$ cat run-v9.cif   # mmCIF, C-alpha atoms and all ligand atoms
data_entry
loop_
_atom_site.label_atom_id
_atom_site.label_comp_id
_atom_site.auth_asym_id
_atom_site.auth_seq_id
_atom_site.Cartn_x
_atom_site.Cartn_y
_atom_site.Cartn_z
CA MET A 1 -20.76 -2.82 19.33
CA LYS A 2 -18.32 -4.51 16.99
CA LYS A 3 -16.40 -1.98 14.89
CA HIS A 4 -15.57 -2.66 11.26
CA ASN A 5 -12.34 -0.82 10.44
CA PHE A 6 -12.27 0.44 6.83
CA PHE A 7 -9.65 3.16 7.38
CA ALA A 8 -7.26 3.72 4.44
CA GLY A 9 -4.15 4.02 6.62
CA PRO A 10 -3.09 3.54 9.27
CA SER A 11 -5.48 0.67 9.01
CA ILE A 12 -6.70 -2.60 10.41
CA LEU A 13 -4.14 -5.11 11.66
CA PRO A 14 -4.69 -8.80 12.44
CA GLN A 15 -5.69 -9.65 16.02
CA PHE A 16 -2.58 -11.86 16.00
CA THR A 17 -0.42 -8.73 15.48
CA LEU A 18 -2.21 -6.80 18.21
CA ASP A 19 -2.00 -9.64 20.74
CA ASN A 20 1.68 -10.36 20.09
CA THR A 21 2.54 -6.67 20.08
CA ILE A 22 0.89 -6.21 23.46
CA GLU A 23 2.88 -9.17 24.73
CA GLY A 24 6.08 -7.72 23.20
CA ILE A 25 5.46 -4.41 24.93
CA LYS A 26 5.39 -6.30 28.22
CA ASN A 27 8.13 -8.84 27.55
CA PHE A 28 9.94 -8.83 24.22
CA ALA A 29 11.19 -12.22 23.00
CA GLY A 30 11.60 -13.47 26.56
CA SER A 31 14.14 -10.71 27.29
CA GLY A 32 12.28 -9.43 30.33
CA LEU A 33 12.31 -5.97 28.68
CA SER A 34 9.69 -4.18 26.63
CA VAL A 35 10.16 -3.86 22.87
CA LEU A 36 9.80 -0.12 23.53
CA GLU A 37 12.90 0.02 25.69
CA ILE A 38 15.26 -2.55 24.27
CA SER A 39 18.44 -1.66 22.36
CA HIS A 40 18.29 -2.07 18.61
CA ARG A 41 21.70 -3.71 18.98
CA SER A 42 20.38 -6.35 21.37
CA LYS A 43 20.56 -9.92 20.11
CA GLU A 44 16.76 -10.17 20.45
CA PHE A 45 16.09 -7.24 18.15
CA ILE A 46 18.78 -8.18 15.63
CA ALA A 47 17.05 -11.57 15.40
CA CYS A 48 13.70 -9.81 14.91
CA MET A 49 15.06 -7.60 12.11
CA ASN A 50 16.70 -10.55 10.37
CA ASP A 51 13.55 -12.62 10.61
CA THR A 52 11.39 -9.77 9.27
CA ILE A 53 13.69 -9.43 6.26
CA ALA A 54 13.67 -13.21 5.76
CA LEU A 55 9.85 -13.24 5.89
CA CYS A 56 9.68 -10.51 3.22
CA LYS A 57 12.03 -12.50 1.00
CA GLU A 58 10.09 -15.72 1.52
CA LEU A 59 6.56 -14.31 1.13
CA LEU A 60 7.37 -12.27 -1.98
CA GLU A 61 9.78 -14.87 -3.40
CA ILE A 62 12.43 -12.18 -3.76
CA PRO A 63 15.21 -13.46 -6.03
CA SER A 64 18.90 -13.32 -5.13
CA GLY A 65 20.63 -10.06 -5.97
CA TYR A 66 18.00 -8.08 -4.07
CA GLN A 67 18.21 -6.52 -0.62
CA VAL A 68 15.41 -5.67 1.79
CA ILE A 69 15.85 -2.67 4.09
CA PHE A 70 13.65 -0.88 6.60
CA LEU A 71 13.74 2.90 6.75
CA GLY A 72 12.00 5.79 8.45
CA GLY A 73 10.49 8.78 6.69
CA GLY A 74 7.46 7.06 5.17
CA ALA A 75 6.82 6.25 1.54
CA SER A 76 6.97 10.02 0.98
CA LEU A 77 10.72 10.06 1.63
CA GLN A 78 11.12 7.45 -1.10
CA PHE A 79 9.65 9.94 -3.57
CA ALA A 80 12.97 11.82 -3.18
CA MET A 81 15.34 8.94 -2.45
CA VAL A 82 14.42 7.12 -5.66
CA PRO A 83 15.46 9.91 -8.05
CA MET A 84 18.50 10.81 -5.90
CA ASN A 85 19.78 7.25 -6.09
CA MET A 86 18.53 6.24 -9.54
CA MET A 87 18.24 9.21 -11.92
CA ASN A 88 21.17 10.67 -13.75
CA LYS A 89 19.29 12.75 -16.28
CA LYS A 90 15.88 11.40 -17.05
CA SER A 91 13.06 9.36 -15.54
CA ALA A 92 9.49 8.54 -16.54
CA TYR A 93 6.39 8.43 -14.34
CA LEU A 94 2.96 6.90 -14.70
CA VAL A 95 0.82 9.56 -13.04
CA THR A 96 -2.23 7.72 -11.76
CA GLY A 97 -3.15 9.59 -8.60
CA GLU A 98 -2.18 11.90 -5.81
CA TRP A 99 0.73 9.83 -4.51
CA ALA A 100 2.08 9.29 -8.02
CA SER A 101 1.83 13.06 -8.61
CA LYS A 102 3.79 13.74 -5.45
CA ALA A 103 6.48 11.25 -6.47
CA PHE A 104 6.66 12.84 -9.93
CA LYS A 105 7.02 16.32 -8.43
CA GLU A 106 10.00 15.24 -6.30
CA ALA A 107 11.72 13.64 -9.29
CA LYS A 108 11.58 16.93 -11.19
CA ILE A 109 13.87 18.44 -8.55
CA TYR A 110 16.65 16.08 -9.63
CA GLY A 111 16.39 16.08 -13.41
CA ASP A 112 14.20 15.65 -16.43
CA ALA A 113 11.25 13.68 -15.08
CA VAL A 114 8.63 13.13 -17.76
CA GLU A 115 5.07 11.83 -17.68
CA ALA A 116 4.75 8.55 -19.59
CA ALA A 117 0.97 8.87 -19.19
CA SER A 118 -1.53 10.38 -16.78
CA SER A 119 -5.17 9.85 -15.89
CA LYS A 120 -5.52 13.32 -14.39
CA ASP A 121 -7.93 14.34 -17.18
CA LYS A 122 -10.65 12.22 -15.52
CA ASN A 123 -9.76 12.78 -11.86
CA PHE A 124 -7.61 9.62 -11.94
CA ASN A 125 -10.57 7.27 -12.37
CA TYR A 126 -8.79 4.89 -14.76
CA ILE A 127 -5.38 3.36 -15.46
CA PRO A 128 -3.81 4.68 -18.69
CA LYS A 129 -3.17 2.05 -21.35
CA ASN A 130 -1.14 1.94 -24.56
CA TYR A 131 1.42 4.53 -23.57
CA THR A 132 5.09 4.39 -24.44
CA VAL A 133 7.86 4.55 -21.91
CA PRO A 134 10.89 6.54 -23.14
CA ALA A 135 13.74 4.10 -23.66
CA ASP A 136 16.35 6.68 -22.64
CA ALA A 137 14.94 7.18 -19.13
CA ASP A 138 16.93 5.79 -16.20
CA TYR A 139 13.80 4.25 -14.71
CA PHE A 140 10.02 4.06 -15.00
CA HIS A 141 8.03 4.75 -11.82
CA ILE A 142 4.57 3.34 -11.17
CA THR A 143 2.17 3.37 -8.21
CA THR A 144 0.55 -0.05 -8.26
CA ASN A 145 -2.45 0.86 -6.12
CA ASN A 146 -3.95 4.32 -5.97
CA THR A 147 -5.13 4.45 -2.40
CA ILE A 148 -7.13 7.65 -2.79
CA PHE A 149 -8.85 7.09 -6.15
CA GLY A 150 -9.26 3.31 -5.96
CA THR A 151 -7.54 2.11 -9.11
CA GLU A 152 -4.95 -0.65 -9.25
CA LEU A 153 -2.41 -2.01 -11.70
CA LYS A 154 -2.89 -5.68 -10.99
CA LYS A 155 -0.25 -7.02 -13.37
CA ASP A 156 3.42 -6.18 -13.26
CA PRO A 157 4.03 -4.19 -16.46
CA ASP A 158 6.73 -5.16 -18.96
CA VAL A 159 9.12 -2.37 -19.83
CA SER A 160 12.65 -2.34 -21.21
CA ILE A 161 14.10 0.03 -18.61
CA PRO A 162 14.46 -0.42 -14.83
CA MET A 163 11.14 -0.20 -13.05
CA VAL A 164 10.39 1.33 -9.65
CA ALA A 165 7.09 0.85 -7.82
CA ASP A 166 5.34 2.45 -4.88
CA MET A 167 3.38 -0.53 -3.53
CA SER A 168 2.43 1.08 -0.21
CA SER A 169 -1.20 0.05 -0.34
CA ASP A 170 -1.12 -3.33 -2.06
CA ILE A 171 2.15 -4.91 -0.93
CA PHE A 172 1.59 -8.48 0.30
CA SER A 173 -1.99 -8.45 -1.05
CA ARG A 174 -1.00 -10.59 -4.05
CA PRO A 175 2.05 -12.21 -5.65
CA VAL A 176 4.51 -9.82 -7.32
CA ASP A 177 7.17 -10.64 -9.90
CA VAL A 178 9.96 -8.85 -8.03
CA SER A 179 12.45 -9.66 -10.80
CA LYS A 180 10.73 -7.06 -13.00
CA TYR A 181 11.60 -4.24 -10.58
CA SER A 182 14.73 -2.42 -9.53
CA ILE A 183 13.07 -0.89 -6.48
CA ILE A 184 9.81 -1.60 -4.68
CA TYR A 185 8.90 0.49 -1.66
CA ALA A 186 5.96 0.45 0.72
CA GLY A 187 5.04 2.32 3.87
CA ALA A 188 4.03 -0.26 6.45
CA GLN A 189 0.83 1.32 7.68
CA LYS A 190 -1.54 0.04 4.97
CA ASN A 191 -0.97 -3.69 4.85
CA MET A 192 1.98 -4.54 7.07
CA GLY A 193 2.02 -2.85 10.42
CA PRO A 194 1.78 0.43 12.28
CA ALA A 195 3.09 3.71 10.88
CA GLY A 196 6.78 4.46 11.26
CA VAL A 197 8.60 2.12 8.93
CA THR A 198 8.97 1.72 5.18
CA MET A 199 10.11 -1.45 3.47
CA VAL A 200 12.37 -1.04 0.45
CA ILE A 201 13.35 -3.89 -1.85
CA ILE A 202 16.36 -3.02 -4.00
CA LYS A 203 18.14 -4.76 -6.81
CA GLU A 204 21.73 -4.25 -5.79
CA ASP A 205 23.20 -3.74 -9.25
CA ALA A 206 20.74 -0.89 -9.91
CA LEU A 207 22.67 1.32 -7.49
CA GLY A 208 25.89 3.25 -7.91
CA LYS A 209 25.04 4.58 -11.36
CA VAL A 210 24.37 8.23 -10.56
CA THR A 211 27.06 10.89 -10.47
CA ARG A 212 25.56 13.25 -7.86
CA SER A 213 26.68 13.05 -4.26
CA ILE A 214 23.99 11.68 -1.99
CA PRO A 215 23.70 12.53 1.72
CA THR A 216 24.73 9.47 3.72
CA MET A 217 21.31 8.89 5.28
CA LEU A 218 19.59 9.12 1.88
CA ASP A 219 21.93 6.70 0.11
CA TYR A 220 20.41 3.21 -0.10
CA ARG A 221 23.89 1.69 0.03
CA THR A 222 24.38 3.05 3.54
CA HIS A 223 21.38 1.10 4.81
CA ILE A 224 22.13 -2.04 2.83
CA LYS A 225 25.68 -2.10 4.19
CA ALA A 226 24.51 -1.54 7.77
CA GLU A 227 21.64 -4.03 7.42
CA SER A 228 19.07 -1.34 8.32
CA MET A 229 21.01 -0.49 11.49
CA PHE A 230 22.97 2.55 10.29
CA ASN A 231 20.99 4.62 12.75
CA THR A 232 18.29 3.54 15.18
CA PRO A 233 15.60 1.76 13.17
CA PRO A 234 11.92 2.01 14.20
CA VAL A 235 12.21 -0.98 16.54
CA PHE A 236 8.57 -1.16 17.56
CA ALA A 237 7.19 -0.81 14.02
CA VAL A 238 9.53 -3.49 12.67
CA PHE A 239 8.50 -5.89 15.45
CA ALA A 240 4.79 -5.33 14.73
CA ALA A 241 5.38 -5.79 10.99
CA GLN A 242 7.15 -9.07 11.74
CA GLN A 243 4.03 -10.26 13.56
CA THR A 244 1.82 -9.42 10.58
CA LEU A 245 4.14 -11.27 8.22
CA LEU A 246 4.12 -14.29 10.52
CA TRP A 247 0.32 -14.18 10.46
CA LEU A 248 0.34 -13.98 6.67
CA LYS A 249 2.72 -16.89 6.39
CA GLY A 250 0.53 -18.92 8.74
CA LEU A 251 -2.48 -18.29 6.50
CA GLY A 252 -0.62 -19.63 3.48
CA GLY A 253 1.04 -16.52 2.03
CA VAL A 254 0.23 -14.02 -0.68
CA LYS A 255 -1.52 -16.40 -3.11
CA VAL A 256 -4.05 -17.40 -0.47
CA MET A 257 -4.39 -13.76 0.53
CA GLN A 258 -5.00 -12.70 -3.06
CA LYS A 259 -7.89 -15.15 -3.31
CA LYS A 260 -9.45 -13.85 -0.10
CA ASN A 261 -8.95 -10.24 -1.16
CA ASN A 262 -10.49 -10.84 -4.59
CA GLU A 263 -13.52 -12.46 -2.97
CA LYS A 264 -14.04 -9.56 -0.57
CA ALA A 265 -13.66 -6.94 -3.32
CA GLN A 266 -15.97 -8.82 -5.69
CA LEU A 267 -18.70 -9.03 -3.03
CA LEU A 268 -18.56 -5.31 -2.36
CA TYR A 269 -18.30 -4.20 -6.01
CA ASP A 270 -21.25 -6.46 -6.85
CA GLU A 271 -23.35 -4.75 -4.20
CA ILE A 272 -22.29 -1.26 -5.34
CA ASP A 273 -23.22 -2.21 -8.93
CA ARG A 274 -26.54 -3.70 -7.82
CA ASN A 275 -27.72 -1.17 -5.22
CA LYS A 276 -29.72 1.65 -6.80
CA LEU A 277 -28.45 4.22 -4.29
CA PHE A 278 -24.75 3.86 -5.10
CA VAL A 279 -22.44 4.05 -8.09
CA PRO A 280 -18.80 2.99 -8.32
CA THR A 281 -16.29 5.76 -9.17
CA ILE A 282 -14.16 3.31 -11.16
CA LYS A 283 -16.19 1.92 -14.04
CA ASP A 284 -13.78 -0.53 -15.67
CA PRO A 285 -13.61 -3.70 -13.53
CA GLU A 286 -10.06 -4.27 -14.75
CA ASP A 287 -8.91 -1.00 -13.15
CA ARG A 288 -10.79 -1.39 -9.88
CA SER A 289 -8.64 -1.61 -6.78
CA VAL A 290 -8.94 -4.74 -4.66
CA MET A 291 -7.76 -2.73 -1.64
CA ASN A 292 -9.60 0.62 -1.73
CA ILE A 293 -13.15 0.46 -3.00
CA CYS A 294 -14.64 3.87 -3.84
CA PHE A 295 -18.29 4.67 -4.42
CA VAL A 296 -20.60 7.68 -4.38
CA MET A 297 -24.35 8.22 -4.15
CA ALA A 298 -26.20 7.97 -7.46
CA ASP A 299 -27.13 11.44 -8.83
CA GLU A 300 -30.79 11.17 -7.85
CA TYR A 301 -29.87 10.21 -4.26
CA LYS A 302 -27.15 12.77 -3.53
CA GLU A 303 -29.06 14.10 -0.50
CA LEU A 304 -28.75 10.66 1.12
CA GLU A 305 -24.97 10.89 1.48
CA GLN A 306 -24.90 12.20 5.05
CA PRO A 307 -27.82 10.01 6.17
CA PHE A 308 -25.98 6.94 4.84
CA ALA A 309 -22.77 8.02 6.59
CA ASP A 310 -24.71 8.34 9.86
CA PHE A 311 -26.52 5.03 9.36
CA ALA A 312 -23.28 3.19 8.59
CA LYS A 313 -21.71 4.70 11.69
CA SER A 314 -24.61 3.45 13.79
CA LYS A 315 -23.90 -0.04 12.43
CA GLY A 316 -20.25 0.05 13.53
CA MET A 317 -18.66 1.03 10.19
CA VAL A 318 -15.53 3.13 10.76
CA GLY A 319 -13.38 4.99 8.23
CA ILE A 320 -15.61 4.79 5.15
CA ALA A 321 -15.60 8.51 4.27
CA GLY A 322 -14.09 9.04 0.83
CA HIS A 323 -10.97 11.16 0.43
CA ARG A 324 -11.80 14.86 0.04
CA SER A 325 -10.61 14.84 -3.59
CA VAL A 326 -13.17 12.16 -4.54
CA GLY A 327 -16.00 12.54 -2.00
CA GLY A 328 -18.52 9.83 -1.27
CA PHE A 329 -17.21 6.68 0.34
CA ARG A 330 -14.13 4.52 0.37
CA ALA A 331 -13.95 1.10 1.99
CA SER A 332 -10.39 -0.12 2.41
CA THR A 333 -10.36 -3.90 2.40
CA TYR A 334 -6.76 -4.65 3.33
CA ASN A 335 -5.43 -8.12 4.16
CA ALA A 336 -6.45 -7.99 7.82
CA LEU A 337 -10.06 -6.98 7.13
CA PRO A 338 -12.23 -10.09 7.55
CA LYS A 339 -14.89 -11.02 5.02
CA GLU A 340 -17.47 -10.60 7.82
CA SER A 341 -16.75 -6.86 7.88
CA VAL A 342 -17.34 -6.61 4.14
CA GLN A 343 -20.56 -8.56 4.60
CA ALA A 344 -21.59 -6.21 7.43
CA LEU A 345 -21.08 -3.20 5.16
CA ILE A 346 -23.07 -4.87 2.38
CA ASP A 347 -25.91 -5.64 4.81
CA THR A 348 -25.86 -2.01 5.91
CA MET A 349 -26.10 -0.83 2.29
CA LYS A 350 -28.99 -3.21 1.59
CA GLU A 351 -30.86 -2.17 4.71
CA PHE A 352 -30.39 1.52 3.92
CA GLU A 353 -31.71 0.93 0.39
CA LYS A 354 -34.79 -0.79 1.79
CA ASN A 355 -35.44 2.11 4.19
CA ASN A 356 -35.18 4.73 1.46
C1 LIG B 1 -0.14 6.23 2.09
C2 LIG B 1 0.63 6.25 0.83
C3 LIG B 1 1.81 7.01 0.68
C4 LIG B 1 2.35 7.91 1.76
O1 LIG B 1 2.88 7.21 2.79
P1 LIG B 1 3.61 7.94 4.02
O2 LIG B 1 4.14 6.78 4.76
O3 LIG B 1 2.55 8.72 4.74
O4 LIG B 1 4.66 8.83 3.48
C5 LIG B 1 2.49 6.93 -0.52
N1 LIG B 1 2.04 6.16 -1.52
C6 LIG B 1 0.91 5.44 -1.42
C7 LIG B 1 0.47 4.61 -2.58
C8 LIG B 1 0.18 5.46 -0.25
O5 LIG B 1 -0.96 4.73 -0.14
#

$ encode --input "run-v9.cif" --output "structure tokens"
Amino acid sequence: MKKHNFFAGPSILPQFTLDNTIEGIKNFAGSGLSVLEISHRSKEFIACMNDTIALCKELLEIPSGYQVIFLGGGASLQFAMVPMNMMNKKSAYLVTGEWASKAFKEAKIYGDAVEAASSKDKNFNYIPKNYTVPADADYFHITTNNTIFGTELKKDPDVSIPMVADMSSDIFSRPVDVSKYSIIYAGAQKNMGPAGVTMVIIKEDALGKVTRSIPTMLDYRTHIKAESMFNTPPVFAVFAAQQTLLWLKGLGGVKVMQKKNNEKAQLLYDEIDRNKLFVPTIKDPEDRSVMNICFVMADEYKELEQPFADFAKSKGMVGIAGHRSVGGFRASTYNALPKESVQALIDTMKEFEKNN
């Protein structure tokens, strides 16, 4: 049976990425070696790294003055690297979910990290509005898409201090005004590639302003200077990410992708709003994530949660269980998820409603 992959991460990748990765494992770039066994200093891999960086710059229209690097350690390592490299005394965080909370907690180790606003009072089911960002903070940190709770900041905010964003789960899903940010980081495994690599976009003149000493491996300047080759980069993960970016470019880039993603999300939210068995956890359409769509059983149908999970499984739906802190269901509709999979989930929901 055809499987529909709604996992939140690692998550679905384009068939193009899978096919080319399989080929690269057998014979990487015509080298006669596997991508798993080739030196990161080989001319073939250096070309792959350079092309991956160039694709990031092209697809996100990254202005000059910015660098793109690829690091290990996941987005979670960035929670610490950002304050180490960017905070002298004070920073401000928009606390909109579990990942944002983790980033905020790390920042407190390095100085006076303050909450600009938080939506914790309602289990992170909305995006705070009308807050003020302290003008004396060294940076303002946001999480553009809250993978677990299903809210998203769809517009790049305007603030007067340097801005840093964790875009792990919505990078490349829509255009971004990179010029508004000092740092953007994203773990690859949601929308770019397999686990094991994190993309970081850095405005070069934002660095070098802190007085603390930074371990060499945790200093962004080390990796910028060495063009992501200071130590062995995750060769395989970078190659697979390159394939996904090539696929995205071939489809027409992030604007085209945004349109497709909005269509998929609208279809599914419409069904959740219509179907009497389900309710959305995020009420305000403006705050609803286009990438992670969360819903629960309506109060009077709570006992149907497990039966629906079983029914959906029998129809080939994979990875739709909600995160334990929200419950219910979460359908992740990343770039690579085809509209047909969203339609299959909707058909499953309709059929289950009819049967109950
Ligand atoms: C998945 C995720 C992370 C954590 O990524 P790791 O690579 O596992 O460290 C951080 N932030 C967001 C928004 C995520 O979705």

$ closest_residue --input "run-v9.cif" --among "A:Ala75, A:Ile25, A:Val342, A:Ala165" --to "Gly316 of chain A" --atoms "only C-alpha atoms"
A:Val342

$ atom_distance --input "run-v9.cif" --atom1 "atom CA of Met317 of chain A" --atom2 "atom CA of Asn5 of chain A"
6.6 Å

$ residues_around --input "run-v9.cif" --residues "Ile142 of chain A" --least-positions-apart "3" --cutoff "10 Å" --atoms "only C-alpha atoms" --output "list in words"
Ala92, Tyr93, Leu94, Val95, Thr96, Ala100, Ala103, Phe104, Ala116, Tyr139, Asn145, Leu153, Asp156, Pro157, Met163, Val164, Ala165, Asp166, Met167 and Ile184 of chain A

$ residues_around --input "run-v9.cif" --residues "segment 42-57 of chain A" --least-positions-apart "2" --cutoff "8 Å" --atoms "all atoms listed in the file" --output "list in words"
Phe28, Ala29, Ser31, Ile38, Ser39, His40, Leu59, Leu60, Glu61, Ile62, Pro63, Val68, Ile69, Val235, Val238, Phe239, Ala241, Gln242, Leu245 and Leu246 of chain A

$ residues_near_ligand --input "run-v9.cif" --ligand "ligand LIG 1 (chain B)" --cutoff "9 Å" --atoms "all atoms listed in the file" --output "NGL selection string"
:A and (8-10 or 72-79 or 97-100 or 102-103 or 143-148 or 166-170 or 185-190 or 195-198)

$ closest_residue --input "run-v9.cif" --among "A:Ile127, A:Cys294, A:Ala80, A:Leu13" --to "Lys105 of chain A" --atoms "only C-alpha atoms"
A:Ala80

$ residues_around --input "run-v9.cif" --residues "Asp273 of chain A" --least-positions-apart "6" --cutoff "10 Å" --atoms "all atoms listed in the file" --output "short mmCIF file (atom, residue, chain, number, x, y, z; two decimals) with C-alpha atoms, in the frame of the given file"
data_model
loop_
_atom_site.label_atom_id
_atom_site.label_comp_id
_atom_site.auth_asym_id
_atom_site.auth_seq_id
_atom_site.Cartn_x
_atom_site.Cartn_y
_atom_site.Cartn_z
CA VAL A 279 -22.44 4.05 -8.09
CA PRO A 280 -18.80 2.99 -8.32
CA LYS A 283 -16.19 1.92 -14.04
CA PHE A 295 -18.29 4.67 -4.42
#

$ residues_near_point --input "run-v9.cif" --point "(23.0, 12.2, -12.5)" --cutoff "7 Å" --atoms "only C-alpha atoms" --output "ChimeraX atom specification"
/A:87-89,210-212

$ closest_residue --input "run-v9.cif" --among "A:Leu251, A:Ala336, A:Val290, A:Leu71" --to "Ala226 of chain A" --atoms "all atoms listed in the file"
A:Leu71

$ decode --input "run-v9.cif" --residues "segment 65-143 of chain A" --atoms "C-alpha atoms" --output "mmCIF file, in the first residue's frame"
data_model
loop_
_atom_site.group_PDB
_atom_site.id
_atom_site.type_symbol
_atom_site.label_atom_id
_atom_site.label_comp_id
_atom_site.auth_asym_id
_atom_site.auth_seq_id
_atom_site.Cartn_x
_atom_site.Cartn_y
_atom_site.Cartn_z
ATOM 1 C CA GLY A 65 27.584 40.433 3.258
ATOM 2 C CA TYR A 66 26.116 37.109 4.372
ATOM 3 C CA GLN A 67 27.792 33.713 4.641
ATOM 4 C CA VAL A 68 26.230 30.264 4.519
ATOM 5 C CA ILE A 69 27.841 27.475 6.540
ATOM 6 C CA PHE A 70 26.978 23.865 7.279
ATOM 7 C CA LEU A 71 27.538 22.524 10.773
ATOM 8 C CA GLY A 72 26.915 19.420 12.838
ATOM 9 C CA GLY A 73 25.192 19.346 16.209
ATOM 10 C CA GLY A 74 21.636 20.013 15.034
ATOM 11 C CA ALA A 75 19.580 23.143 15.522
ATOM 12 C CA SER A 76 19.929 22.440 19.249
ATOM 13 C CA LEU A 77 23.622 23.345 19.174
ATOM 14 C CA GLN A 78 22.656 26.711 17.691
ATOM 15 C CA PHE A 79 20.652 27.419 20.839
ATOM 16 C CA ALA A 80 24.052 27.777 22.562
ATOM 17 C CA MET A 81 26.190 29.044 19.680
ATOM 18 C CA VAL A 82 23.918 32.024 19.060
ATOM 19 C CA PRO A 83 24.282 33.564 22.536
ATOM 20 C CA MET A 84 27.985 32.629 22.729
ATOM 21 C CA ASN A 85 28.692 34.470 19.501
ATOM 22 C CA MET A 86 26.123 37.268 19.711
ATOM 23 C CA MET A 87 25.279 38.212 23.311
ATOM 24 C CA ASN A 88 27.439 40.459 25.405
ATOM 25 C CA LYS A 89 24.983 41.195 28.185
ATOM 26 C CA LYS A 90 21.407 40.949 27.085
ATOM 27 C CA SER A 91 19.167 39.222 24.559
ATOM 28 C CA ALA A 92 15.416 38.936 24.031
ATOM 29 C CA TYR A 93 13.399 35.866 23.073
ATOM 30 C CA LEU A 94 9.939 35.327 21.663
ATOM 31 C CA VAL A 95 8.904 32.176 23.506
ATOM 32 C CA THR A 96 6.375 30.484 21.245
ATOM 33 C CA GLY A 97 6.945 26.794 21.870
ATOM 34 C CA GLU A 98 9.153 24.024 23.100
ATOM 35 C CA TRP A 99 12.092 24.743 20.792
ATOM 36 C CA ALA A 100 11.931 28.460 21.548
ATOM 37 C CA SER A 101 11.896 27.624 25.278
ATOM 38 C CA LYS A 102 14.975 25.463 24.878
ATOM 39 C CA ALA A 103 16.781 28.223 22.975
ATOM 40 C CA PHE A 104 15.809 30.736 25.681
ATOM 41 C CA LYS A 105 17.099 28.434 28.428
ATOM 42 C CA GLU A 106 20.520 28.150 26.761
ATOM 43 C CA ALA A 107 20.793 31.918 26.355
ATOM 44 C CA LYS A 108 20.305 32.403 30.100
ATOM 45 C CA ILE A 109 23.580 30.546 30.665
ATOM 46 C CA TYR A 110 25.457 33.347 28.907
ATOM 47 C CA GLY A 111 23.782 36.483 30.214
ATOM 48 C CA ASP A 112 20.577 38.354 30.797
ATOM 49 C CA ALA A 113 18.165 36.682 28.391
ATOM 50 C CA VAL A 114 14.674 38.126 28.726
ATOM 51 C CA GLU A 115 11.292 37.086 27.381
ATOM 52 C CA ALA A 116 9.907 39.680 24.955
ATOM 53 C CA ALA A 117 6.621 37.736 25.004
ATOM 54 C CA SER A 118 5.416 34.187 25.513
ATOM 55 C CA SER A 119 2.348 32.160 24.596
ATOM 56 C CA LYS A 120 2.983 29.587 27.307
ATOM 57 C CA ASP A 121 -0.180 30.692 29.166
ATOM 58 C CA LYS A 122 -2.281 28.890 26.519
ATOM 59 C CA ASN A 123 -0.011 25.924 25.800
ATOM 60 C CA PHE A 124 1.578 27.888 22.930
ATOM 61 C CA ASN A 125 -1.558 27.864 20.787
ATOM 62 C CA TYR A 126 -1.102 31.399 19.443
ATOM 63 C CA ILE A 127 1.596 33.853 18.353
ATOM 64 C CA PRO A 128 1.960 36.807 20.767
ATOM 65 C CA LYS A 129 1.244 40.205 19.243
ATOM 66 C CA ASN A 130 1.877 43.800 20.312
ATOM 67 C CA TYR A 131 4.884 43.107 22.472
ATOM 68 C CA THR A 132 7.908 45.342 22.756
ATOM 69 C CA VAL A 133 11.437 44.220 22.113
ATOM 70 C CA PRO A 134 13.966 45.811 24.496
ATOM 71 C CA ALA A 135 16.122 48.190 22.475
ATOM 72 C CA ASP A 136 19.194 47.492 24.613
ATOM 73 C CA ALA A 137 19.287 43.759 23.822
ATOM 74 C CA ASP A 138 22.072 42.493 21.563
ATOM 75 C CA TYR A 139 19.586 40.489 19.508
ATOM 76 C CA PHE A 140 15.992 39.310 19.315
ATOM 77 C CA HIS A 141 15.452 35.568 18.789
ATOM 78 C CA ILE A 142 12.362 34.109 17.143
ATOM 79 C CA THR A 143 11.287 30.620 16.074
#
